[in-house]
file protein.txt (compact mmCIF, C-alpha atoms and all ligand atoms)
# COMPACT_ATOMS: atom_id res chain seq x y z
CA MET A 1 80.67 113.06 116.32
CA THR A 2 78.44 111.50 118.91
CA ALA A 3 75.33 113.57 119.67
CA ILE A 4 75.33 115.20 123.13
CA THR A 5 71.96 114.21 124.53
CA ASP A 6 71.75 113.75 128.28
CA LEU A 7 73.64 113.12 131.49
CA LYS A 8 73.75 109.38 130.87
CA GLY A 9 75.12 109.87 127.34
CA THR A 10 78.49 108.30 126.53
CA PHE A 11 81.46 108.41 124.21
CA THR A 12 82.66 105.01 122.98
CA LEU A 13 86.24 104.12 123.91
CA ASN A 14 88.58 102.30 121.52
CA ASN A 15 87.71 98.93 123.10
CA GLY A 16 83.96 99.48 122.69
CA ILE A 17 83.29 100.46 126.31
CA GLU A 18 80.80 103.31 126.79
CA MET A 19 82.10 106.10 129.05
CA PRO A 20 79.64 108.74 130.30
CA TYR A 21 80.89 112.07 128.96
CA LEU A 22 80.05 114.08 132.06
CA GLY A 23 81.18 112.87 135.47
CA LEU A 24 81.75 114.13 139.00
CA GLY A 25 85.30 115.02 140.09
CA VAL A 26 86.09 114.59 143.78
CA TYR A 27 89.59 116.03 144.18
CA GLN A 28 89.61 117.97 147.48
CA SER A 29 86.26 116.56 148.56
CA GLU A 30 86.85 115.38 152.09
CA ASN A 31 86.80 111.69 152.85
CA GLY A 32 83.73 111.13 155.02
CA GLN A 33 80.30 112.71 154.79
CA GLU A 34 81.34 115.43 152.34
CA VAL A 35 82.35 113.05 149.56
CA VAL A 36 79.68 110.47 150.46
CA ASP A 37 77.01 113.14 149.98
CA ALA A 38 78.58 114.53 146.78
CA VAL A 39 78.56 111.07 145.19
CA LYS A 40 74.99 110.33 146.32
CA TRP A 41 73.67 113.71 145.13
CA ALA A 42 75.41 113.30 141.79
CA LEU A 43 73.98 109.82 141.25
CA GLU A 44 70.55 111.06 142.27
CA ALA A 45 70.86 113.91 139.75
CA GLY A 46 71.63 111.40 136.99
CA TYR A 47 75.44 111.39 136.90
CA ARG A 48 76.82 107.93 136.13
CA HIS A 49 80.55 108.60 136.31
CA ILE A 50 82.74 109.35 139.35
CA ASP A 51 86.43 110.30 139.12
CA THR A 52 88.68 109.67 142.13
CA ALA A 53 92.33 108.73 142.73
CA SER A 54 94.26 107.08 145.54
CA ILE A 55 96.07 110.40 146.24
CA TYR A 56 92.73 112.15 146.90
CA ASN A 57 92.41 110.07 150.07
CA ASN A 58 88.68 109.72 149.63
CA GLU A 59 88.19 106.37 147.89
CA GLU A 60 86.47 104.99 151.00
CA GLY A 61 83.96 107.82 150.99
CA VAL A 62 83.38 107.41 147.27
CA GLY A 63 82.74 103.70 147.82
CA ARG A 64 80.31 104.47 150.63
CA GLY A 65 78.45 106.95 148.46
CA ILE A 66 78.10 104.33 145.74
CA ALA A 67 77.02 101.65 148.21
CA GLU A 68 74.43 103.92 149.85
CA SER A 69 72.97 105.07 146.52
CA PRO A 70 70.07 103.08 145.09
CA ILE A 71 71.77 103.08 141.67
CA ASP A 72 73.21 99.70 140.75
CA ARG A 73 77.01 99.53 140.73
CA SER A 74 76.94 98.19 137.16
CA GLU A 75 75.38 101.45 135.96
CA ILE A 76 78.16 103.61 137.41
CA PHE A 77 81.47 104.30 135.67
CA VAL A 78 84.09 104.42 138.44
CA VAL A 79 87.57 105.79 137.75
CA SER A 80 90.68 105.75 139.95
CA LYS A 81 94.39 106.36 139.37
CA VAL A 82 97.70 104.88 140.43
CA TRP A 83 99.79 107.42 142.31
CA ASN A 84 103.40 108.26 141.39
CA SER A 85 105.09 106.61 144.38
CA ASP A 86 103.27 103.35 143.57
CA GLN A 87 104.47 103.19 139.97
CA GLY A 88 106.32 100.08 138.77
CA TYR A 89 104.90 96.64 137.99
CA ASP A 90 104.39 94.89 141.36
CA THR A 91 103.69 98.10 143.23
CA THR A 92 100.95 99.05 140.77
CA LEU A 93 99.28 95.65 141.20
CA LYS A 94 99.29 96.20 144.97
CA ALA A 95 98.07 99.79 144.64
CA PHE A 96 95.19 98.63 142.46
CA ASP A 97 94.12 96.02 145.04
CA ALA A 98 94.33 98.65 147.79
CA SER A 99 92.17 101.11 145.79
CA LEU A 100 89.54 98.46 145.12
CA LYS A 101 89.50 97.51 148.79
CA ARG A 102 89.04 101.12 149.90
CA LEU A 103 86.29 101.59 147.32
CA GLY A 104 84.64 98.32 148.36
CA LEU A 105 84.40 97.28 144.70
CA ASP A 106 85.53 94.20 142.80
CA TYR A 107 86.37 95.92 139.51
CA LEU A 108 87.02 99.41 138.15
CA ASP A 109 85.65 100.87 134.94
CA LEU A 110 88.80 102.87 134.22
CA TYR A 111 92.21 102.96 135.88
CA LEU A 112 94.70 105.66 134.92
CA ILE A 113 98.42 106.29 135.34
CA HIS A 114 98.12 109.58 137.22
CA TRP A 115 101.38 111.21 135.98
CA PRO A 116 104.09 110.14 133.52
CA VAL A 117 106.82 109.34 136.04
CA ALA A 118 110.06 109.04 134.05
CA GLY A 119 111.57 105.56 133.98
CA LYS A 120 108.48 104.07 135.62
CA TYR A 121 105.41 104.54 133.45
CA LYS A 122 106.12 101.69 131.01
CA GLU A 123 106.27 99.11 133.81
CA THR A 124 103.17 100.65 135.32
CA TRP A 125 101.44 100.34 131.96
CA ARG A 126 102.40 96.66 131.76
CA ALA A 127 100.65 96.14 135.11
CA LEU A 128 97.53 97.92 133.83
CA GLU A 129 97.56 95.70 130.72
CA TYR A 130 97.78 92.63 132.97
CA LEU A 131 94.86 93.80 135.13
CA TYR A 132 92.87 94.57 131.99
CA HIS A 133 93.47 91.06 130.64
CA GLN A 134 92.40 89.68 134.02
CA LYS A 135 89.12 91.58 133.46
CA ARG A 136 89.56 93.53 136.68
CA ILE A 137 89.36 96.87 134.80
CA ARG A 138 87.06 97.58 131.85
CA ALA A 139 89.34 100.23 130.36
CA ILE A 140 92.87 101.54 131.00
CA GLY A 141 94.38 104.91 130.32
CA VAL A 142 96.78 107.64 131.27
CA SER A 143 96.71 111.17 132.63
CA ASN A 144 99.01 114.12 132.06
CA PHE A 145 100.72 112.45 129.10
CA MET A 146 102.00 114.89 126.48
CA GLN A 147 102.45 113.67 122.90
CA HIS A 148 106.06 112.57 123.45
CA HIS A 149 105.06 110.54 126.53
CA LEU A 150 102.36 108.82 124.49
CA GLU A 151 104.70 108.16 121.57
CA ASP A 152 107.24 106.65 123.93
CA LEU A 153 104.62 104.53 125.71
CA LEU A 154 103.21 103.31 122.40
CA THR A 155 106.59 101.96 121.27
CA ASP A 156 106.21 99.14 123.85
CA ALA A 157 102.53 99.09 124.75
CA LYS A 158 100.45 96.09 123.68
CA ILE A 159 97.29 98.07 124.31
CA THR A 160 96.74 101.68 123.23
CA PRO A 161 95.44 103.74 126.18
CA MET A 162 91.71 104.30 125.94
CA VAL A 163 91.81 107.72 127.66
CA ASN A 164 94.20 110.62 128.32
CA GLN A 165 92.98 112.86 131.16
CA MET A 166 94.57 116.33 130.90
CA GLU A 167 94.19 119.80 132.34
CA PHE A 168 91.78 121.40 129.89
CA HIS A 169 89.86 124.69 129.92
CA PRO A 170 89.81 127.78 127.68
CA TYR A 171 93.26 128.87 128.91
CA VAL A 172 94.94 125.54 128.12
CA VAL A 173 93.49 123.85 125.06
CA GLN A 174 96.45 121.92 123.52
CA GLN A 175 94.56 121.31 120.28
CA ASP A 176 97.55 119.48 118.75
CA LEU A 177 97.48 116.96 121.57
CA ILE A 178 93.71 116.53 121.22
CA ASP A 179 94.18 115.89 117.50
CA PHE A 180 97.03 113.45 118.13
CA CYS A 181 94.92 111.53 120.66
CA ARG A 182 91.96 111.43 118.31
CA ALA A 183 94.15 110.06 115.50
CA LYS A 184 95.37 107.29 117.84
CA GLY A 185 91.89 106.47 119.17
CA ILE A 186 92.64 107.88 122.63
CA GLN A 187 89.66 109.66 124.20
CA TYR A 188 90.57 113.11 125.55
CA GLU A 189 89.28 114.02 129.01
CA ALA A 190 89.36 117.37 130.87
CA TRP A 191 90.50 117.87 134.45
CA SER A 192 89.99 121.24 136.19
CA PRO A 193 87.45 122.34 133.56
CA PHE A 194 86.73 125.42 135.75
CA MET A 195 90.45 126.16 136.38
CA GLN A 196 89.68 125.11 139.98
CA GLY A 197 87.15 127.93 140.20
CA LYS A 198 89.12 130.75 138.53
CA VAL A 199 86.81 130.88 135.48
CA PHE A 200 84.03 132.30 137.61
CA GLY A 201 85.87 135.59 138.08
CA LEU A 202 86.66 136.26 134.41
CA PRO A 203 84.38 138.80 132.65
CA ILE A 204 84.56 137.20 129.21
CA PHE A 205 82.79 134.11 130.52
CA LYS A 206 80.09 136.24 132.15
CA GLU A 207 79.27 137.76 128.76
CA LEU A 208 79.00 134.38 127.06
CA ALA A 209 76.89 133.00 129.89
CA GLN A 210 74.47 135.92 129.61
CA LYS A 211 74.23 135.45 125.86
CA TYR A 212 73.09 131.84 126.29
CA ASN A 213 71.11 132.51 129.43
CA LYS A 214 73.12 129.80 131.17
CA SER A 215 75.73 129.85 133.95
CA ILE A 216 79.46 130.15 133.28
CA ALA A 217 79.86 126.55 134.48
CA GLN A 218 77.26 125.31 132.02
CA VAL A 219 78.81 127.16 129.07
CA ILE A 220 82.26 125.77 129.84
CA LEU A 221 81.02 122.19 130.23
CA ARG A 222 78.94 122.42 127.07
CA TRP A 223 82.05 123.61 125.19
CA ASP A 224 83.94 120.54 126.50
CA LEU A 225 81.25 118.17 125.29
CA GLN A 226 80.83 119.83 121.89
CA LYS A 227 84.60 119.46 121.46
CA GLY A 228 84.25 115.73 122.11
CA VAL A 229 86.08 116.02 125.44
CA ILE A 230 84.88 114.11 128.51
CA THR A 231 84.62 116.37 131.54
CA ILE A 232 84.54 115.87 135.31
CA PRO A 233 83.66 119.11 137.13
CA LYS A 234 84.10 118.99 140.90
CA SER A 235 81.68 120.35 143.44
CA SER A 236 80.70 119.24 146.90
CA LYS A 237 77.57 121.42 146.94
CA LYS A 238 74.27 119.85 145.98
CA GLU A 239 72.83 122.83 144.03
CA ARG A 240 76.03 123.15 142.00
CA ILE A 241 76.30 119.43 141.30
CA VAL A 242 72.75 119.50 139.94
CA ALA A 243 73.07 122.80 138.04
CA ASN A 244 76.47 122.01 136.51
CA ALA A 245 74.91 119.06 134.68
CA ASP A 246 72.09 121.13 133.17
CA VAL A 247 73.85 121.47 129.82
CA PHE A 248 71.57 119.56 127.47
CA ASP A 249 69.06 122.23 126.47
CA PHE A 250 71.29 124.58 124.48
CA GLU A 251 74.03 124.54 121.91
CA ILE A 252 77.06 126.83 121.56
CA SER A 253 77.35 128.25 118.03
CA SER A 254 80.42 127.32 116.00
CA GLU A 255 81.40 130.98 116.15
CA ASP A 256 81.40 131.00 119.95
CA MET A 257 83.15 127.62 120.04
CA MET A 258 85.95 129.40 118.17
CA VAL A 259 85.86 132.32 120.61
CA LEU A 260 86.42 129.88 123.48
CA ASP A 261 89.09 127.93 121.55
CA ASN A 262 90.93 131.16 120.80
CA MET A 263 91.24 132.10 124.46
CA ASP A 264 94.01 129.52 124.69
CA ARG A 265 97.17 130.97 126.21
CA ASN A 266 98.80 127.76 127.38
CA GLU A 267 98.31 128.91 130.97
CA ARG A 268 98.01 126.11 133.48
CA THR A 269 96.27 126.07 136.84
CA GLY A 270 97.98 122.86 137.88
CA PRO A 271 101.45 121.34 137.38
CA ASP A 272 103.18 121.03 134.01
CA PRO A 273 103.47 117.39 132.85
CA ASP A 274 106.91 118.22 131.41
CA ASN A 275 108.20 119.68 134.62
CA PHE A 276 106.84 118.19 137.84
CA ASP A 277 108.78 116.93 140.83
CA PHE A 278 106.38 114.72 142.77
P1 LIG B 301 87.34 122.25 138.79
O1 LIG B 301 87.91 123.00 137.64
O2 LIG B 301 86.32 121.21 138.56
O3 LIG B 301 86.82 123.33 139.84
C1 LIG B 301 86.34 122.97 141.10
C2 LIG B 301 86.08 124.24 141.90
O4 LIG B 301 85.00 124.98 141.33
C3 LIG B 301 85.72 123.97 143.33
O5 LIG B 301 86.31 124.98 144.13
C4 LIG B 301 84.19 124.09 143.34
O6 LIG B 301 83.76 124.51 144.62
C5 LIG B 301 83.99 125.18 142.30
N1 LIG B 301 82.70 125.08 141.59
C6 LIG B 301 82.14 124.00 141.02
N2 LIG B 301 80.99 124.30 140.41
C7 LIG B 301 80.79 125.61 140.60
C8 LIG B 301 79.77 126.52 140.21
N3 LIG B 301 78.73 126.11 139.49
N4 LIG B 301 79.88 127.83 140.58
C9 LIG B 301 80.95 128.26 141.32
N5 LIG B 301 81.95 127.44 141.72
C10 LIG B 301 81.87 126.12 141.37
O7 LIG B 301 88.61 121.66 139.58
P2 LIG B 301 89.25 120.25 139.92
O8 LIG B 301 90.71 120.50 140.00
O9 LIG B 301 88.59 119.64 141.08
O10 LIG B 301 89.02 119.34 138.61
C11 LIG B 301 87.92 118.49 138.42
C12 LIG B 301 88.31 117.03 138.64
O11 LIG B 301 89.36 116.63 137.75
C13 LIG B 301 88.91 116.74 140.03
O12 LIG B 301 87.96 116.78 141.05
C14 LIG B 301 89.55 115.41 139.78
O13 LIG B 301 88.59 114.39 139.79
C15 LIG B 301 90.16 115.62 138.39
N6 LIG B 301 91.57 116.09 138.43
C16 LIG B 301 92.53 115.28 137.87
C17 LIG B 301 93.85 115.65 137.87
C18 LIG B 301 94.86 114.76 137.24
O14 LIG B 301 96.05 115.01 137.41
N7 LIG B 301 94.47 113.74 136.55
C19 LIG B 301 94.29 116.92 138.46
C20 LIG B 301 93.20 117.73 139.00
C21 LIG B 301 91.90 117.31 138.96
P3 LIG B 301 82.64 123.71 145.50
O15 LIG B 301 83.10 122.29 145.64
O16 LIG B 301 82.63 124.47 146.77
O17 LIG B 301 81.36 123.84 144.71
call {"tool": "encode", "arguments": {"input": "protein.txt", "output": "C-alpha cells", "more": "lines below"}}
Ligand code: NDP
result
Amino acid sequence: MTAITDLKGTFTLNNGIEMPYLGLGVYQSENGQEVVDAVKWALEAGYRHIDTASIYNNEEGVGRGIAESPIDRSEIFVVSKVWNSDQGYDTTLKAFDASLKRLGLDYLDLYLIHWPVAGKYKETWRALEYLYHQKRIRAIGVSNFMQHHLEDLLTDAKITPMVNQMEFHPYVVQQDLIDFCRAKGIQYEAWSPFMQGKVFGLPIFKELAQKYNKSIAQVILRWDLQKGVITIPKSSKKERIVANADVFDFEISSEDMMVLDNMDRNERTGPDPDNFDF
C-alpha cells in the first residue's frame, strides 16, 4: 500500500497516472463566487485535485478558481463527468467539449461516466476511449458502477476504467466491490464521505474523534485513505476546507479501522445505482 504522507500525495492509476488521494468536491457549491473561492482556498491550502461534473452547473466557476489561483494548471488534477442525458457516442464527445469550454481548459485529468445508464454506457465508454487516445483526457473512469455493471462493461471495453467513484462512508462500505475493483486494477474513490453532513450528528464518530484528538471529518477522511480509497470531501467554507485536509499527523489503529468497517449497514445517503430513474 502506498504510504499516506501529505495533501499532494497520490495513488497510481492503472495507466501510471498519479491521482492525488484527497481532493475537493464541489457538488452544491454555487457557480460564481462561492465555488471560485472554494477552489482557490483549497489550492492555497495544498489541495491538488478538484472534482466537478457538468450536472453541478459550476464548471465555469471551477475554471475561474483554477485560472485565478497562482498554482499552475499542470499541477492540478481536474475531474468532470458526463451526465446521463448526454450519454451515447456523439453526444458524449459534444458534452466533453462543452465541459472543457466551460472550465476554460484544454484537457481533463479524469473524465467519468456519472451513472450506469442502461443501454447507453458502453457507447459512452467508447467515446471516452476515443478521447483518451486523442490525449484529451489523462485517465478515464466510471462512477456508480456496481460489480455487474463493471463486468458487463469489461466484456467490450478496450481500456479498463482507471477509477470507480462510489458513495462510500462507514454506513455503505461495499467491501466486495472494493476488492473486485482492486483485483481489476480499478482505483476506488469515495463520494459523500461525510454522508452529506449526517456523520457529524452521530455519537459514535464523536467518541472516535475524541480518542484521536481530531475532528470527526478528519477521522473519516483518514479512514478512507488508510483503506486505499481516494476521497473528495465537499465544503465551501475556508476553515473547513483547510481543517478537513489536516489528516497527515495521526494514524487510525487497525482495531479502530475494523470498528469503522463494521459500521456498514448498506445504508445510502444518495441514489442506488441499481435503481435510479434519472
Ligand atoms: P460530503 O459527504 O462531502 O458532505 C458535504 C457536507 O458536509 C456539506 O454540507 C458541508 O457543508 C459539510 N461539511 C464539510 N466539512 C465539514 C466539517 N468539517 N464539519 C461540518 N460539516 C462539514 O457530501 P457530497 O455529496 O458533496 O460529496 C462529496 C463530493 O463527492 C461532491 O461534492 C462531489 O464532488 C462528489 N459526488 C459525486 C457523486 C457521484 O454520483 N459521482 C454524488 C455525490 C457527490 P459546507 O459546505 O457548508 O461546509
call {"tool": "closest_residue", "arguments": {"input": "protein.txt", "among": "A:Trp115, A:Tyr171, A:Phe248, A:Trp125", "to": "Thr92 of chain A", "atoms": "all atoms listed in the file"}}
result
A:Trp125
call {"tool": "closest_residue", "arguments": {"input": "protein.txt", "among": "A:Glu151, A:Glu68, A:Asp249, A:Glu167", "to": "ligand LIG 301 (chain B)", "atoms": "only C-alpha atoms and all ligand atoms"}}
result
A:Glu167
call {"tool": "residues_near_ligand", "arguments": {"input": "protein.txt", "ligand": "ligand LIG 301 (chain B)", "cutoff": "9 Å", "atoms": "all atoms listed in the file", "output": "ChimeraX atom specification"}}
result
/A:23-29,50-53,56,79-81,112-115,142-144,164-169,190-200,215-218,231-244,269-271
call {"tool": "atom_distance", "arguments": {"input": "protein.txt", "atom1": "atom CA of Pro273 of chain A", "atom2": "atom CA of Gly185 of chain A"}}
result
21.0 Å
call {"tool": "atom_distance", "arguments": {"input": "protein.txt", "atom1": "atom CA of Ala45 of chain A", "atom2": "atom CA of Phe250 of chain A"}}
result
18.6 Å
call {"tool": "atom_distance", "arguments": {"input": "protein.txt", "atom1": "atom CA of Asp264 of chain A", "atom2": "atom CA of Val173 of chain A"}}
result
5.7 Å
call {"tool": "closest_residue", "arguments": {"input": "protein.txt", "among": "A:Ile76, A:Leu100, A:Leu22, A:Val117", "to": "Phe276 of chain A", "atoms": "all atoms listed in the file"}}
result
A:Val117
call {"tool": "closest_residue", "arguments": {"input": "protein.txt", "among": "A:Tyr188, A:Trp223, A:Tyr111, A:Phe77", "to": "Glu18 of chain A", "atoms": "all atoms listed in the file"}}
result
A:Phe77
call {"tool": "closest_residue", "arguments": {"input": "protein.txt", "among": "A:Lys122, A:Ala245, A:Ala183, A:Asp86", "to": "Ala42 of chain A", "atoms": "only C-alpha atoms"}}
result
A:Ala245
call {"tool": "closest_residue", "arguments": {"input": "protein.txt", "among": "A:Glu34, A:Glu189, A:Glu60, A:Asp152", "to": "Ser99 of chain A", "atoms": "all atoms listed in the file"}}
result
A:Glu60
call {"tool": "decode", "arguments": {"input": "protein.txt", "residues": "segment 104-123 of chain A", "atoms": "N, CA and C atoms", "output": "PDB file, in the first residue's frame"}}
result
ATOM      1  N   GLY A 104     -12.726  26.228 -19.260  1.00  0.00           N
ATOM      2  CA  GLY A 104     -11.637  27.036 -19.827  1.00  0.00           C
ATOM      3  C   GLY A 104     -10.331  26.260 -19.879  1.00  0.00           C
ATOM      4  N   LEU A 105     -10.423  24.941 -20.057  1.00  0.00           N
ATOM      5  CA  LEU A 105      -9.224  24.089 -20.069  1.00  0.00           C
ATOM      6  C   LEU A 105      -9.094  23.408 -21.430  1.00  0.00           C
ATOM      7  N   ASP A 106      -7.898  22.889 -21.721  1.00  0.00           N
ATOM      8  CA  ASP A 106      -7.766  22.165 -22.992  1.00  0.00           C
ATOM      9  C   ASP A 106      -7.561  20.665 -22.798  1.00  0.00           C
ATOM     10  N   TYR A 107      -7.550  20.196 -21.573  1.00  0.00           N
ATOM     11  CA  TYR A 107      -7.599  18.752 -21.314  1.00  0.00           C
ATOM     12  C   TYR A 107      -8.162  18.536 -19.920  1.00  0.00           C
ATOM     13  N   LEU A 108      -8.614  17.314 -19.648  1.00  0.00           N
ATOM     14  CA  LEU A 108      -9.027  16.935 -18.291  1.00  0.00           C
ATOM     15  C   LEU A 108      -8.080  15.861 -17.793  1.00  0.00           C
ATOM     16  N   ASP A 109      -7.930  15.781 -16.477  1.00  0.00           N
ATOM     17  CA  ASP A 109      -7.120  14.712 -15.891  1.00  0.00           C
ATOM     18  C   ASP A 109      -7.908  13.416 -15.795  1.00  0.00           C
ATOM     19  N   LEU A 110      -9.199  13.538 -15.514  1.00  0.00           N
ATOM     20  CA  LEU A 110     -10.049  12.350 -15.388  1.00  0.00           C
ATOM     21  C   LEU A 110     -11.461  12.730 -15.809  1.00  0.00           C
ATOM     22  N   TYR A 111     -12.066  11.867 -16.630  1.00  0.00           N
ATOM     23  CA  TYR A 111     -13.450  12.084 -17.051  1.00  0.00           C
ATOM     24  C   TYR A 111     -14.199  10.803 -16.737  1.00  0.00           C
ATOM     25  N   LEU A 112     -15.351  10.948 -16.069  1.00  0.00           N
ATOM     26  CA  LEU A 112     -16.087   9.774 -15.594  1.00  0.00           C
ATOM     27  C   LEU A 112     -17.465   9.678 -16.237  1.00  0.00           C
ATOM     28  N   ILE A 113     -17.942   8.457 -16.424  1.00  0.00           N
ATOM     29  CA  ILE A 113     -19.365   8.237 -16.721  1.00  0.00           C
ATOM     30  C   ILE A 113     -20.086   8.377 -15.381  1.00  0.00           C
ATOM     31  N   HIS A 114     -20.978   9.353 -15.279  1.00  0.00           N
ATOM     32  CA  HIS A 114     -21.538   9.702 -13.967  1.00  0.00           C
ATOM     33  C   HIS A 114     -22.404   8.578 -13.375  1.00  0.00           C
ATOM     34  N   TRP A 115     -23.260   7.969 -14.203  1.00  0.00           N
ATOM     35  CA  TRP A 115     -24.135   6.872 -13.751  1.00  0.00           C
ATOM     36  C   TRP A 115     -24.235   5.826 -14.859  1.00  0.00           C
ATOM     37  N   PRO A 116     -24.419   4.563 -14.487  1.00  0.00           N
ATOM     38  CA  PRO A 116     -24.501   3.492 -15.496  1.00  0.00           C
ATOM     39  C   PRO A 116     -25.875   3.444 -16.174  1.00  0.00           C
ATOM     40  N   VAL A 117     -26.095   4.338 -17.119  1.00  0.00           N
ATOM     41  CA  VAL A 117     -27.397   4.394 -17.794  1.00  0.00           C
ATOM     42  C   VAL A 117     -27.535   3.170 -18.705  1.00  0.00           C
ATOM     43  N   ALA A 118     -28.541   2.365 -18.435  1.00  0.00           N
ATOM     44  CA  ALA A 118     -28.733   1.091 -19.149  1.00  0.00           C
ATOM     45  C   ALA A 118     -28.852   1.337 -20.653  1.00  0.00           C
ATOM     46  N   GLY A 119     -28.178   0.505 -21.430  1.00  0.00           N
ATOM     47  CA  GLY A 119     -28.258   0.595 -22.888  1.00  0.00           C
ATOM     48  C   GLY A 119     -27.401   1.715 -23.468  1.00  0.00           C
ATOM     49  N   LYS A 120     -26.813   2.528 -22.634  1.00  0.00           N
ATOM     50  CA  LYS A 120     -26.043   3.684 -23.121  1.00  0.00           C
ATOM     51  C   LYS A 120     -24.567   3.629 -22.729  1.00  0.00           C
ATOM     52  N   TYR A 121     -24.256   3.046 -21.576  1.00  0.00           N
ATOM     53  CA  TYR A 121     -22.917   3.293 -21.028  1.00  0.00           C
ATOM     54  C   TYR A 121     -21.782   2.692 -21.863  1.00  0.00           C
ATOM     55  N   LYS A 122     -22.082   1.661 -22.665  1.00  0.00           N
ATOM     56  CA  LYS A 122     -20.983   1.094 -23.475  1.00  0.00           C
ATOM     57  C   LYS A 122     -20.571   2.043 -24.600  1.00  0.00           C
ATOM     58  N   GLU A 123     -21.568   2.688 -25.217  1.00  0.00           N
ATOM     59  CA  GLU A 123     -21.272   3.670 -26.265  1.00  0.00           C
ATOM     60  C   GLU A 123     -20.554   4.890 -25.661  1.00  0.00           C
TER      61      GLU A 123
END
